[in-house]
>>> print(open('protein30.csv').read())   # CSV, C-alpha atoms and all ligand atoms
chain,number,residue,atom,x,y,z
A,1,MET,CA,-0.3,-17.2,-26.7
A,2,ALA,CA,3.2,-18.6,-25.9
A,3,ASN,CA,5.3,-15.5,-26.6
A,4,TRP,CA,3.7,-12.7,-24.6
A,5,LYS,CA,4.4,-9.1,-25.7
A,6,VAL,CA,4.0,-8.2,-22.0
A,7,PRO,CA,4.8,-11.1,-19.7
A,8,PHE,CA,3.4,-11.4,-16.2
A,9,TYR,CA,6.6,-12.6,-14.6
A,10,THR,CA,10.2,-11.8,-15.5
A,11,HIS,CA,12.2,-13.9,-13.0
A,12,GLN,CA,14.9,-14.8,-15.5
A,13,ARG,CA,15.5,-11.1,-16.3
A,14,GLN,CA,16.0,-10.3,-12.7
A,15,TYR,CA,18.3,-13.3,-12.4
A,16,GLU,CA,20.4,-12.0,-15.4
A,17,ASN,CA,20.5,-8.5,-13.8
A,18,LEU,CA,21.8,-9.8,-10.5
A,19,LYS,CA,23.7,-12.9,-11.8
A,20,PRO,CA,27.3,-12.2,-10.6
A,21,GLU,CA,26.2,-11.2,-7.1
A,22,LEU,CA,23.8,-14.1,-6.8
A,23,GLN,CA,26.3,-16.6,-8.0
A,24,ALA,CA,28.9,-15.3,-5.6
A,25,ALA,CA,26.5,-15.5,-2.7
A,26,MET,CA,25.4,-19.1,-3.6
A,27,GLU,CA,29.1,-20.2,-4.2
A,28,GLU,CA,29.9,-18.9,-0.7
A,29,VAL,CA,27.2,-21.1,0.8
A,30,PHE,CA,28.2,-24.2,-1.2
A,31,GLN,CA,31.8,-23.7,0.0
A,32,SER,CA,30.8,-23.2,3.6
A,33,GLY,CA,29.5,-26.7,4.1
A,34,LYS,CA,26.6,-25.3,6.2
A,35,TYR,CA,23.2,-25.3,4.6
A,36,VAL,CA,20.6,-25.4,7.4
A,37,GLN,CA,20.5,-22.9,10.2
A,38,GLY,CA,24.0,-21.8,9.2
A,39,PRO,CA,25.7,-18.4,9.0
A,40,ALA,CA,23.9,-17.2,5.8
A,41,LEU,CA,20.6,-17.6,7.7
A,42,SER,CA,21.9,-15.8,10.8
A,43,ARG,CA,23.2,-13.0,8.7
A,44,PHE,CA,20.0,-12.6,6.7
A,45,GLU,CA,18.0,-12.5,9.9
A,46,GLU,CA,20.2,-9.7,11.2
A,47,GLU,CA,19.7,-7.8,8.0
A,48,LEU,CA,15.9,-8.3,8.1
A,49,LYS,CA,15.7,-7.0,11.6
A,50,GLU,CA,17.6,-3.9,10.7
A,51,TYR,CA,15.6,-3.4,7.5
A,52,MET,CA,12.2,-3.8,9.2
A,53,GLY,CA,13.2,-2.1,12.4
A,54,SER,CA,12.0,-5.0,14.5
A,55,GLU,CA,13.6,-6.5,17.6
A,56,TYR,CA,13.5,-10.1,16.1
A,57,ALA,CA,13.3,-11.7,12.7
A,58,ILE,CA,13.0,-15.4,12.2
A,59,GLY,CA,13.4,-17.2,8.8
A,60,VAL,CA,10.9,-20.1,8.2
A,61,GLY,CA,10.0,-22.4,5.3
A,62,ASN,CA,7.4,-20.2,3.6
A,63,GLY,CA,4.8,-17.5,4.2
A,64,THR,CA,2.0,-19.9,5.2
A,65,ASP,CA,4.2,-21.4,7.9
A,66,ALA,CA,5.1,-17.9,9.1
A,67,LEU,CA,1.5,-17.3,9.8
A,68,TRP,CA,0.5,-20.6,11.6
A,69,LEU,CA,3.8,-20.8,13.5
A,70,THR,CA,3.1,-17.3,14.8
A,71,PHE,CA,-0.5,-18.3,15.7
A,72,MET,CA,0.8,-21.3,17.6
A,73,ALA,CA,3.4,-19.3,19.3
A,74,LEU,CA,0.7,-17.0,20.5
A,75,GLY,CA,-1.3,-20.0,21.8
A,76,LEU,CA,-4.1,-19.5,19.3
A,77,GLY,CA,-6.0,-22.7,18.3
A,78,LYS,CA,-9.1,-24.7,19.0
A,79,GLY,CA,-12.1,-22.6,20.0
A,80,ASP,CA,-10.4,-19.3,19.1
A,81,GLU,CA,-11.7,-17.0,16.4
A,82,MET,CA,-9.4,-15.1,14.1
A,83,ILE,CA,-10.7,-12.4,11.7
A,84,THR,CA,-9.5,-11.8,8.2
A,85,ASN,CA,-11.0,-10.6,4.9
A,86,ALA,CA,-12.6,-13.1,2.5
A,87,ASN,CA,-10.7,-11.7,-0.6
A,88,THR,CA,-7.2,-12.6,0.5
A,89,PHE,CA,-5.0,-15.4,-0.8
A,90,PHE,CA,-6.3,-18.7,0.5
A,91,ALA,CA,-3.2,-19.2,2.8
A,92,THR,CA,-4.3,-16.6,5.3
A,93,ALA,CA,-7.3,-18.6,6.3
A,94,GLU,CA,-5.6,-21.9,5.7
A,95,ALA,CA,-3.0,-21.0,8.3
A,96,MET,CA,-5.8,-20.4,10.9
A,97,TRP,CA,-7.1,-23.9,10.2
A,98,ILE,CA,-3.7,-25.5,10.4
A,99,ALA,CA,-3.4,-23.9,13.9
A,100,GLY,CA,-6.8,-25.4,14.7
A,101,ALA,CA,-8.6,-22.0,15.1
A,102,THR,CA,-11.8,-20.7,13.5
A,103,ALA,CA,-11.4,-18.5,10.5
A,104,VAL,CA,-13.9,-15.6,10.5
A,105,LEU,CA,-14.2,-14.0,7.1
A,106,VAL,CA,-15.3,-10.4,6.8
A,107,ASP,CA,-15.8,-7.9,4.0
A,108,CYS,CA,-13.2,-5.6,2.5
A,109,ASP,CA,-13.4,-1.8,2.1
A,110,PRO,CA,-15.1,-0.7,-1.1
A,111,GLU,CA,-12.2,1.5,-2.2
A,112,THR,CA,-8.9,0.0,-0.9
A,113,ARG,CA,-10.1,-3.6,-1.0
A,114,ASN,CA,-8.2,-4.1,2.3
A,115,ILE,CA,-10.0,-5.4,5.4
A,116,ASP,CA,-12.9,-3.2,6.4
A,117,PRO,CA,-12.3,-2.1,10.1
A,118,GLU,CA,-16.1,-1.7,10.7
A,119,ALA,CA,-16.7,-5.2,9.4
A,120,VAL,CA,-14.1,-6.4,11.9
A,121,ARG,CA,-15.7,-4.6,14.7
A,122,LYS,CA,-19.1,-6.2,13.9
A,123,ALA,CA,-17.6,-9.7,13.7
A,124,ILE,CA,-16.1,-9.7,17.2
A,125,THR,CA,-17.5,-12.2,19.7
A,126,ASN,CA,-16.3,-13.4,23.1
A,127,LYS,CA,-14.3,-16.1,21.2
A,128,THR,CA,-12.3,-13.6,19.1
A,129,ARG,CA,-8.6,-13.6,19.9
A,130,ALA,CA,-6.9,-12.1,16.9
A,131,ILE,CA,-7.2,-9.9,13.8
A,132,VAL,CA,-5.1,-10.8,10.7
A,133,PRO,CA,-5.1,-7.8,8.4
A,134,VAL,CA,-3.6,-8.5,4.9
A,135,HIS,CA,-1.8,-5.8,3.0
A,136,LEU,CA,-3.5,-6.8,-0.2
A,137,TYR,CA,-1.8,-6.2,-3.6
A,138,GLY,CA,0.8,-4.1,-1.8
A,139,LEU,CA,-1.3,-1.5,0.0
A,140,THR,CA,-0.7,-1.4,3.7
A,141,VAL,CA,-3.9,-1.6,5.8
A,142,ASP,CA,-5.1,1.3,8.0
A,143,MET,CA,-3.3,-0.2,11.0
A,144,LYS,CA,-4.3,2.6,13.3
A,145,ALA,CA,-7.9,1.6,12.9
A,146,ILE,CA,-7.1,-2.1,13.4
A,147,ARG,CA,-5.0,-1.3,16.5
A,148,GLU,CA,-7.8,0.7,18.0
A,149,ILE,CA,-10.2,-2.1,17.7
A,150,ALA,CA,-7.7,-4.7,19.0
A,151,ASP,CA,-7.0,-2.5,22.0
A,152,GLU,CA,-10.7,-2.1,22.8
A,153,HIS,CA,-11.2,-5.9,22.8
A,154,GLY,CA,-7.8,-7.1,24.0
A,155,LEU,CA,-6.9,-8.9,20.7
A,156,TYR,CA,-3.7,-9.9,19.0
A,157,VAL,CA,-2.9,-8.4,15.6
A,158,ILE,CA,-0.8,-10.4,13.2
A,159,GLU,CA,0.0,-8.6,9.9
A,160,ASP,CA,0.1,-10.7,6.7
A,161,ASN,CA,2.5,-8.6,4.6
A,162,ALA,CA,3.3,-11.4,2.1
A,163,GLN,CA,2.4,-8.9,-0.7
A,164,ALA,CA,3.7,-5.7,0.8
A,165,ILE,CA,7.3,-5.8,1.9
A,166,ASP,CA,8.7,-2.3,1.7
A,167,GLY,CA,5.2,-0.8,2.1
A,168,HIS,CA,4.1,1.5,4.9
A,169,GLY,CA,1.8,4.3,6.0
A,170,ASP,CA,3.4,7.7,6.2
A,171,THR,CA,2.7,7.9,10.0
A,172,PHE,CA,3.4,4.2,10.9
A,173,LYS,CA,5.6,1.3,9.9
A,174,GLN,CA,4.5,-2.3,9.4
A,175,GLY,CA,5.1,-4.1,12.7
A,176,GLU,CA,4.7,-1.0,14.8
A,177,LEU,CA,1.1,-1.5,15.6
A,178,SER,CA,0.9,-5.3,15.7
A,179,ASP,CA,2.3,-8.3,17.6
A,180,ALA,CA,4.0,-9.8,14.5
A,181,VAL,CA,4.4,-9.4,10.8
A,182,CYS,CA,4.5,-12.5,8.6
A,183,THR,CA,5.9,-12.5,5.1
A,184,SER,CA,6.5,-14.8,2.1
A,185,PHE,CA,9.6,-14.9,-0.1
A,186,ILE,CA,8.2,-17.2,-2.7
A,187,THR,CA,9.7,-16.3,-6.2
A,188,GLN,CA,6.9,-14.0,-7.3
A,189,LYS,CA,6.9,-11.8,-4.2
A,190,ASN,CA,8.4,-8.3,-4.3
A,191,LEU,CA,11.4,-9.8,-2.4
A,192,GLY,CA,11.5,-13.4,-3.7
A,193,THR,CA,14.0,-16.3,-3.8
A,194,TYR,CA,14.1,-19.2,-6.3
A,195,GLY,CA,11.7,-21.4,-4.4
A,196,ASP,CA,9.9,-21.1,-1.0
A,197,ALA,CA,10.8,-19.1,2.1
A,198,GLY,CA,9.2,-16.9,4.6
A,199,ALA,CA,9.8,-14.8,7.8
A,200,ILE,CA,8.3,-13.5,10.9
A,201,PHE,CA,9.1,-10.0,12.4
A,202,THR,CA,8.2,-9.2,16.0
A,203,ASN,CA,9.2,-7.2,19.0
A,204,HIS,CA,8.1,-9.9,21.4
A,205,LYS,CA,10.9,-12.1,22.8
A,206,PHE,CA,8.5,-14.9,23.6
A,207,ILE,CA,7.3,-15.1,20.0
A,208,ASP,CA,10.9,-15.2,18.8
A,209,ASP,CA,11.8,-18.0,21.3
A,210,ARG,CA,8.8,-20.1,20.6
A,211,VAL,CA,8.9,-19.8,16.8
A,212,ARG,CA,12.7,-20.7,16.8
A,213,GLN,CA,11.8,-23.8,18.7
A,214,LEU,CA,8.7,-24.7,16.7
A,215,ARG,CA,10.5,-24.3,13.4
A,216,ASN,CA,13.2,-26.8,14.5
A,217,HIS,CA,11.4,-29.9,15.9
A,218,GLY,CA,10.8,-28.1,19.2
A,219,SER,CA,14.5,-28.0,19.8
A,220,ASN,CA,16.9,-25.3,20.9
A,221,ALA,CA,19.6,-27.6,22.2
A,222,ARG,CA,21.0,-30.8,20.7
A,223,ASN,CA,18.9,-33.8,21.5
A,224,VAL,CA,16.4,-31.8,23.6
A,225,HIS,CA,12.9,-31.6,22.1
A,226,SER,CA,9.4,-30.4,22.9
A,227,PHE,CA,6.6,-30.2,20.3
A,228,GLY,CA,7.6,-28.7,16.9
A,229,PHE,CA,7.9,-29.0,13.2
A,230,ASN,CA,10.5,-28.7,10.5
A,231,SER,CA,10.1,-25.2,8.8
A,232,ARG,CA,13.5,-23.6,8.4
A,233,LEU,CA,14.7,-21.1,5.8
A,234,ASP,CA,17.6,-22.8,4.0
A,235,ASP,CA,20.9,-21.0,3.9
A,236,LEU,CA,21.0,-21.0,0.1
A,237,HIS,CA,17.7,-19.0,0.0
A,238,ALA,CA,18.9,-16.8,2.8
A,239,ALA,CA,22.1,-15.9,0.8
A,240,ILE,CA,20.0,-15.2,-2.3
A,241,LEU,CA,17.6,-13.0,-0.3
A,242,SER,CA,20.5,-11.1,1.3
A,243,VAL,CA,21.5,-10.0,-2.2
A,244,LYS,CA,18.0,-9.0,-3.2
A,245,LEU,CA,17.3,-7.2,0.1
A,246,LYS,CA,19.9,-4.7,-0.8
A,247,LYS,CA,18.0,-4.0,-4.0
A,248,ILE,CA,14.5,-3.9,-2.6
A,249,GLY,CA,14.3,0.0,-2.4
A,250,ALA,CA,15.1,0.4,-6.1
A,251,LEU,CA,12.9,-2.5,-7.1
A,252,THR,CA,10.0,-1.0,-5.2
A,253,ASP,CA,10.6,2.4,-6.7
A,254,ARG,CA,10.3,0.9,-10.1
A,255,ARG,CA,7.1,-0.8,-9.2
A,256,VAL,CA,5.7,2.5,-7.9
A,257,GLU,CA,6.8,4.3,-11.0
A,258,ILE,CA,5.0,1.8,-13.2
A,259,GLY,CA,1.9,1.7,-11.0
A,260,GLU,CA,1.6,5.5,-11.0
A,261,ARG,CA,2.1,5.6,-14.8
A,262,LEU,CA,-0.6,3.1,-15.4
A,263,ASN,CA,-3.0,4.9,-13.1
A,264,LYS,CA,-2.3,8.2,-14.9
A,265,GLU,CA,-2.3,7.0,-18.5
A,266,LEU,CA,-5.3,4.7,-18.1
A,267,ALA,CA,-7.5,7.2,-16.2
A,268,ASP,CA,-9.4,8.5,-19.2
A,269,ALA,CA,-9.8,5.2,-21.0
A,270,ALA,CA,-11.1,3.6,-17.8
A,271,LYS,CA,-13.9,6.0,-17.3
A,272,GLY,CA,-17.3,4.4,-17.0
A,273,TRP,CA,-16.2,0.7,-17.1
A,274,LEU,CA,-13.0,0.0,-15.3
A,275,ARG,CA,-11.9,0.6,-11.7
A,276,LEU,CA,-8.2,1.3,-11.3
A,277,PRO,CA,-6.2,0.6,-8.1
A,278,TYR,CA,-7.0,3.1,-5.3
A,279,VAL,CA,-4.0,4.7,-3.7
A,280,PRO,CA,-5.0,6.6,-0.5
A,281,ALA,CA,-2.9,9.6,0.4
A,282,GLY,CA,-0.3,8.8,3.1
A,283,TYR,CA,0.5,5.3,2.0
A,284,ARG,CA,3.4,3.7,0.0
A,285,HIS,CA,1.5,1.2,-2.2
A,286,VAL,CA,4.2,-1.2,-3.4
A,287,PHE,CA,2.1,-2.6,-6.3
A,288,HIS,CA,2.7,-6.3,-5.7
A,289,CYS,CA,-0.2,-6.7,-8.1
A,290,TYR,CA,-1.8,-4.1,-10.3
A,291,VAL,CA,-5.5,-5.1,-10.0
A,292,VAL,CA,-8.2,-3.4,-12.0
A,293,GLU,CA,-11.9,-4.3,-11.9
A,294,THR,CA,-14.5,-4.2,-14.6
A,295,LEU,CA,-17.5,-2.3,-13.2
A,296,ASP,CA,-19.7,-4.9,-14.8
A,297,PRO,CA,-18.5,-8.3,-13.6
A,298,THR,CA,-19.9,-10.0,-16.7
A,299,GLU,CA,-17.4,-8.0,-18.8
A,300,ARG,CA,-14.3,-9.4,-16.9
A,301,ASP,CA,-13.8,-12.5,-19.0
A,302,THR,CA,-14.2,-10.6,-22.3
A,303,PHE,CA,-11.6,-8.0,-21.2
A,304,LEU,CA,-9.3,-10.7,-20.0
A,305,ALA,CA,-9.6,-12.6,-23.3
A,306,TYR,CA,-8.9,-9.4,-25.3
A,307,LEU,CA,-5.7,-8.8,-23.3
A,308,HIS,CA,-4.6,-12.4,-23.9
A,309,ASP,CA,-5.4,-12.2,-27.6
A,310,ASN,CA,-3.3,-9.0,-27.8
A,311,GLY,CA,-0.2,-10.4,-26.1
A,312,VAL,CA,-0.8,-9.1,-22.5
A,313,GLU,CA,-0.4,-11.9,-20.0
A,314,ALA,CA,-3.0,-10.7,-17.4
A,315,LYS,CA,-4.2,-12.9,-14.6
A,316,THR,CA,-6.7,-12.7,-11.7
A,317,HIS,CA,-6.1,-12.2,-8.0
A,318,TYR,CA,-8.3,-13.9,-6.8
A,319,SER,CA,-11.3,-14.8,-8.8
A,320,ILE,CA,-12.9,-17.0,-6.1
A,321,ALA,CA,-13.3,-15.5,-2.6
A,322,ILE,CA,-12.5,-18.0,0.1
A,323,HIS,CA,-16.1,-18.5,1.4
A,324,ARG,CA,-17.1,-19.4,-2.2
A,325,GLN,CA,-14.5,-22.1,-2.8
A,326,ASN,CA,-16.1,-25.4,-3.6
A,327,GLY,CA,-17.0,-27.3,-0.5
A,328,PHE,CA,-16.1,-24.5,1.9
A,329,PRO,CA,-15.3,-25.0,4.8
A,330,TRP,CA,-14.2,-28.6,4.3
A,331,GLY,CA,-15.1,-29.7,7.8
A,332,LYS,CA,-13.0,-26.8,9.3
A,333,ASP,CA,-14.2,-24.2,11.7
A,334,ALA,CA,-15.2,-21.1,9.8
A,335,ARG,CA,-17.7,-18.3,10.1
A,336,VAL,CA,-18.7,-15.9,7.4
A,337,ALA,CA,-19.5,-12.6,9.1
A,338,GLY,CA,-21.4,-11.3,6.1
A,339,PRO,CA,-22.7,-10.0,3.9
A,340,LEU,CA,-19.5,-9.6,1.8
A,341,PRO,CA,-20.6,-7.6,-1.3
A,342,ASN,CA,-17.2,-5.9,-1.7
A,343,ALA,CA,-15.1,-9.0,-1.4
A,344,GLU,CA,-17.4,-10.8,-3.9
A,345,ALA,CA,-17.4,-7.9,-6.4
A,346,ASN,CA,-13.6,-7.9,-6.1
A,347,ALA,CA,-13.4,-11.6,-6.9
A,348,ASP,CA,-16.0,-11.4,-9.7
A,349,SER,CA,-14.4,-8.5,-11.6
A,350,CYS,CA,-10.7,-8.5,-10.9
A,351,VAL,CA,-8.0,-8.5,-13.7
A,352,THR,CA,-4.3,-8.2,-12.8
A,353,LEU,CA,-2.2,-6.5,-15.4
A,354,PRO,CA,1.5,-7.3,-15.5
A,355,LEU,CA,3.6,-5.1,-13.2
A,356,VAL,CA,7.1,-6.2,-12.4
A,357,PRO,CA,10.2,-4.0,-12.1
A,358,GLU,CA,11.9,-5.6,-15.1
A,359,LEU,CA,9.2,-4.6,-17.6
A,360,THR,CA,10.5,-2.0,-20.0
A,361,ASP,CA,8.9,1.3,-20.6
A,362,ASP,CA,8.1,0.1,-24.2
A,363,GLU,CA,6.3,-3.0,-22.8
A,364,ILE,CA,4.2,-0.8,-20.5
A,365,SER,CA,3.3,1.4,-23.5
A,366,VAL,CA,2.2,-1.7,-25.4
A,367,MET,CA,-0.1,-2.7,-22.5
A,368,ILE,CA,-1.5,0.8,-22.2
A,369,ASP,CA,-2.3,0.8,-25.9
A,370,VAL,CA,-4.0,-2.5,-25.7
A,371,VAL,CA,-6.3,-1.4,-22.8
A,372,LYS,CA,-7.1,1.8,-24.7
A,373,ALA,CA,-7.9,-0.1,-27.8
A,374,TYR,CA,-10.2,-2.4,-25.9
A,375,ALA,CA,-11.9,0.7,-24.3
A,376,LYS,CA,-12.5,2.2,-27.7
A,377,GLN,CA,-14.2,-0.9,-29.3
A,378,ARG,CA,-16.2,-2.2,-26.3
B,401,LIG,C1,-1.5,-12.7,1.3
B,401,LIG,C2,-0.7,-14.0,1.3
B,401,LIG,N1,-0.6,-14.6,2.5
B,401,LIG,C3,0.1,-15.8,2.6
B,401,LIG,C4,0.8,-16.3,1.5
B,401,LIG,C5,1.5,-17.6,1.7
B,401,LIG,O1,2.8,-17.5,1.4
B,401,LIG,P1,3.6,-18.8,0.8
B,401,LIG,O2,3.2,-19.1,-0.5
B,401,LIG,O3,5.0,-18.5,0.9
B,401,LIG,O4,3.3,-19.9,1.8
B,401,LIG,C6,0.7,-15.6,0.3
B,401,LIG,C7,1.5,-16.0,-0.9
B,401,LIG,O5,1.8,-16.9,-1.4
B,401,LIG,C8,0.0,-14.4,0.2
B,401,LIG,O6,-0.1,-13.7,-0.9
>>> encode(input="protein30.csv", output="structure tokens", more="lines below")
Ligand SMILES: Cc1ncc(COP(=O)(O)O)c(C=O)c1O
Amino acid sequence: MANWKVPFYTHQRQYENLKPELQAAMEEVFQSGKYVQGPALSRFEEELKEYMGSEYAIGVGNGTDALWLTFMALGLGKGDEMITNANTFFATAEAMWIAGATAVLVDCDPETRNIDPEAVRKAITNKTRAIVPVHLYGLTVDMKAIREIADEHGLYVIEDNAQAIDGHGDTFKQGELSDAVCTSFITQKNLGTYGDAGAIFTNHKFIDDRVRQLRNHGSNARNVHSFGFNSRLDDLHAAILSVKLKKIGALTDRRVEIGERLNKELADAAKGWLRLPYVPAGYRHVFHCYVVETLDPTERDTFLAYLHDNGVEAKTHYSIAIHRQNGFPWGKDARVAGPLPNAEANADSCVTLPLVPELTDDEISVMIDVVKAYAKQR
């Protein structure tokens, strides 16, 4: 169906809403004559630090680079094991392989679908150097549990918050209980530009120093180089993101409003066949994705097709867990610290309903009616 009644993304609507401010910000960059590591990037990095409450913020090319540049800055690589959950976006593990490390995949929690701290504990060996918790779908991980395990074993913790900017636990902030937080600003993220970008937040000066050098051909002075790459956040994207950062609180509030409405209004219709997103008390779930799961995995595709046939552009996040990708692990170092029943159930039964701040209340009503109609006739 080309013309969706309820579209999954509404990037153009957001652009129209912010057009004058975005165009002014872009014009300023065009007129400045400075497009790479210029003043717009420096300003955005200052704003990010302030916003996250971190000592340092470093803009990089994308969220995947943010992860592996951080791993490299920490000296993580060949022979080192890093633990994450198998039901994350592929890039979390991919970044470990790019750094040369071994990705260890563990199960997720049956309720939150975030990494299961007990599974992490069981997966630790004498080669383990880091835990990479992912704030999946917008729900911040129980960072206190992760920190406790990391302290017991002397491990680094790097948060992947590509999906959860503006999220937190009520008693802790992202970044407070870890060595670094890595994020993505690709278009569809809660804070997104018109293309690729990412950032790292940290309170460690050595990470800031090393990543700044690594992102710029190993250079922090003209013509002086050590080992590095090219992964800088362009000034044009920085200027766009500065505009959007000012709006993130309101944009997240709208996501939360829609997420809570869906959870409330779908509760009865879901009984007996559909699992709705779990929001534990004490967390700000920022609903990057509103992921439901059919209790019977064989029903997933039927439900998805019904949504599509009725104008709701649903998707899946992510229907193939990393360890089940064809040809895994492609000659890379990997270990599945299984079994992974929850991660596999998540992959087999997930359906992501559209949830973006620009959806109208009427569009949300249409979606709720479609899900209710499906529930009635199934
Ligand atoms: C959990 C997670 N980690 C890492 C990434 C990688 O970010 P990017 O696409 O900017 O490289 C993404 C998103 O794309 C993501 O969702």
>>> residues_near_ligand(input="protein30.csv", ligand="ligand LIG 401 (chain B)", cutoff="6 Å", atoms="all atoms listed in the file", output="PyMOL selection string")
chain A and resi 62-64+88-89+91-92+134+160+162-163+184-186+196-198
>>> write_last_selection(input="protein30.csv", atoms="C-alpha atoms", output="CSV table (one decimal), in the coordinates of the input")
chain,number,residue,atom,x,y,z
A,62,ASN,CA,7.4,-20.2,3.6
A,63,GLY,CA,4.8,-17.5,4.2
A,64,THR,CA,2.0,-19.9,5.2
A,88,THR,CA,-7.2,-12.6,0.5
A,89,PHE,CA,-5.0,-15.4,-0.8
A,91,ALA,CA,-3.2,-19.2,2.8
A,92,THR,CA,-4.3,-16.6,5.3
A,134,VAL,CA,-3.6,-8.5,4.9
A,160,ASP,CA,0.1,-10.7,6.7
A,162,ALA,CA,3.3,-11.4,2.1
A,163,GLN,CA,2.4,-8.9,-0.7
A,184,SER,CA,6.5,-14.8,2.1
A,185,PHE,CA,9.6,-14.9,-0.1
A,186,ILE,CA,8.2,-17.2,-2.7
A,196,ASP,CA,9.9,-21.1,-1.0
A,197,ALA,CA,10.8,-19.1,2.1
A,198,GLY,CA,9.2,-16.9,4.6
>>> residues_around(input="protein30.csv", residues="stretch 146-153 of chain A", least_positions_apart="6", cutoff="8 Å", atoms="only C-alpha atoms", output="number ranges by chain")
A: 117, 121, 130-131, 133, 177-178
>>> closest_residue(input="protein30.csv", among="A:Leu214, A:Val104, A:Tyr278, A:Glu293", to="A:Ala123", atoms="all atoms listed in the file")
A:Val104
>>> residues_around(input="protein30.csv", residues="A:Ala270", least_positions_apart="4", cutoff="12 Å", atoms="only C-alpha atoms", output="JSON, numbers by chain")
{"A": [262, 263, 264, 265, 266, 274, 275, 276, 277, 292, 293, 294, 295, 368, 371, 372, 373, 374, 375, 376, 378]}
>>> atom_distance(input="protein30.csv", atom1="atom CA of A:Thr140", atom2="atom CA of A:His237")
25.7 Å
>>> closest_residue(input="protein30.csv", among="A:Val6, A:Val279, A:Gln213, A:Tyr318", to="A:Asp361", atoms="all atoms listed in the file")
A:Val6
>>> atom_distance(input="protein30.csv", atom1="atom CA of A:Asp268", atom2="atom CA of A:Glu344")
25.9 Å
>>> residues_near_point(input="protein30.csv", point="(26.5, -20.1, 5.9)", cutoff="10 Å", atoms="all atoms listed in the file", output="list in words")
Ala25, Met26, Glu28, Val29, Phe30, Gln31, Ser32, Gly33, Lys34, Tyr35, Val36, Gln37, Gly38, Pro39, Ala40, Leu41, Ser42, Arg43, Phe44, Asp234, Asp235, Leu236, Ala238 and Ala239 of chain A
>>> atom_distance(input="protein30.csv", atom1="atom CA of A:Val106", atom2="atom CA of A:Ile83")
7.0 Å
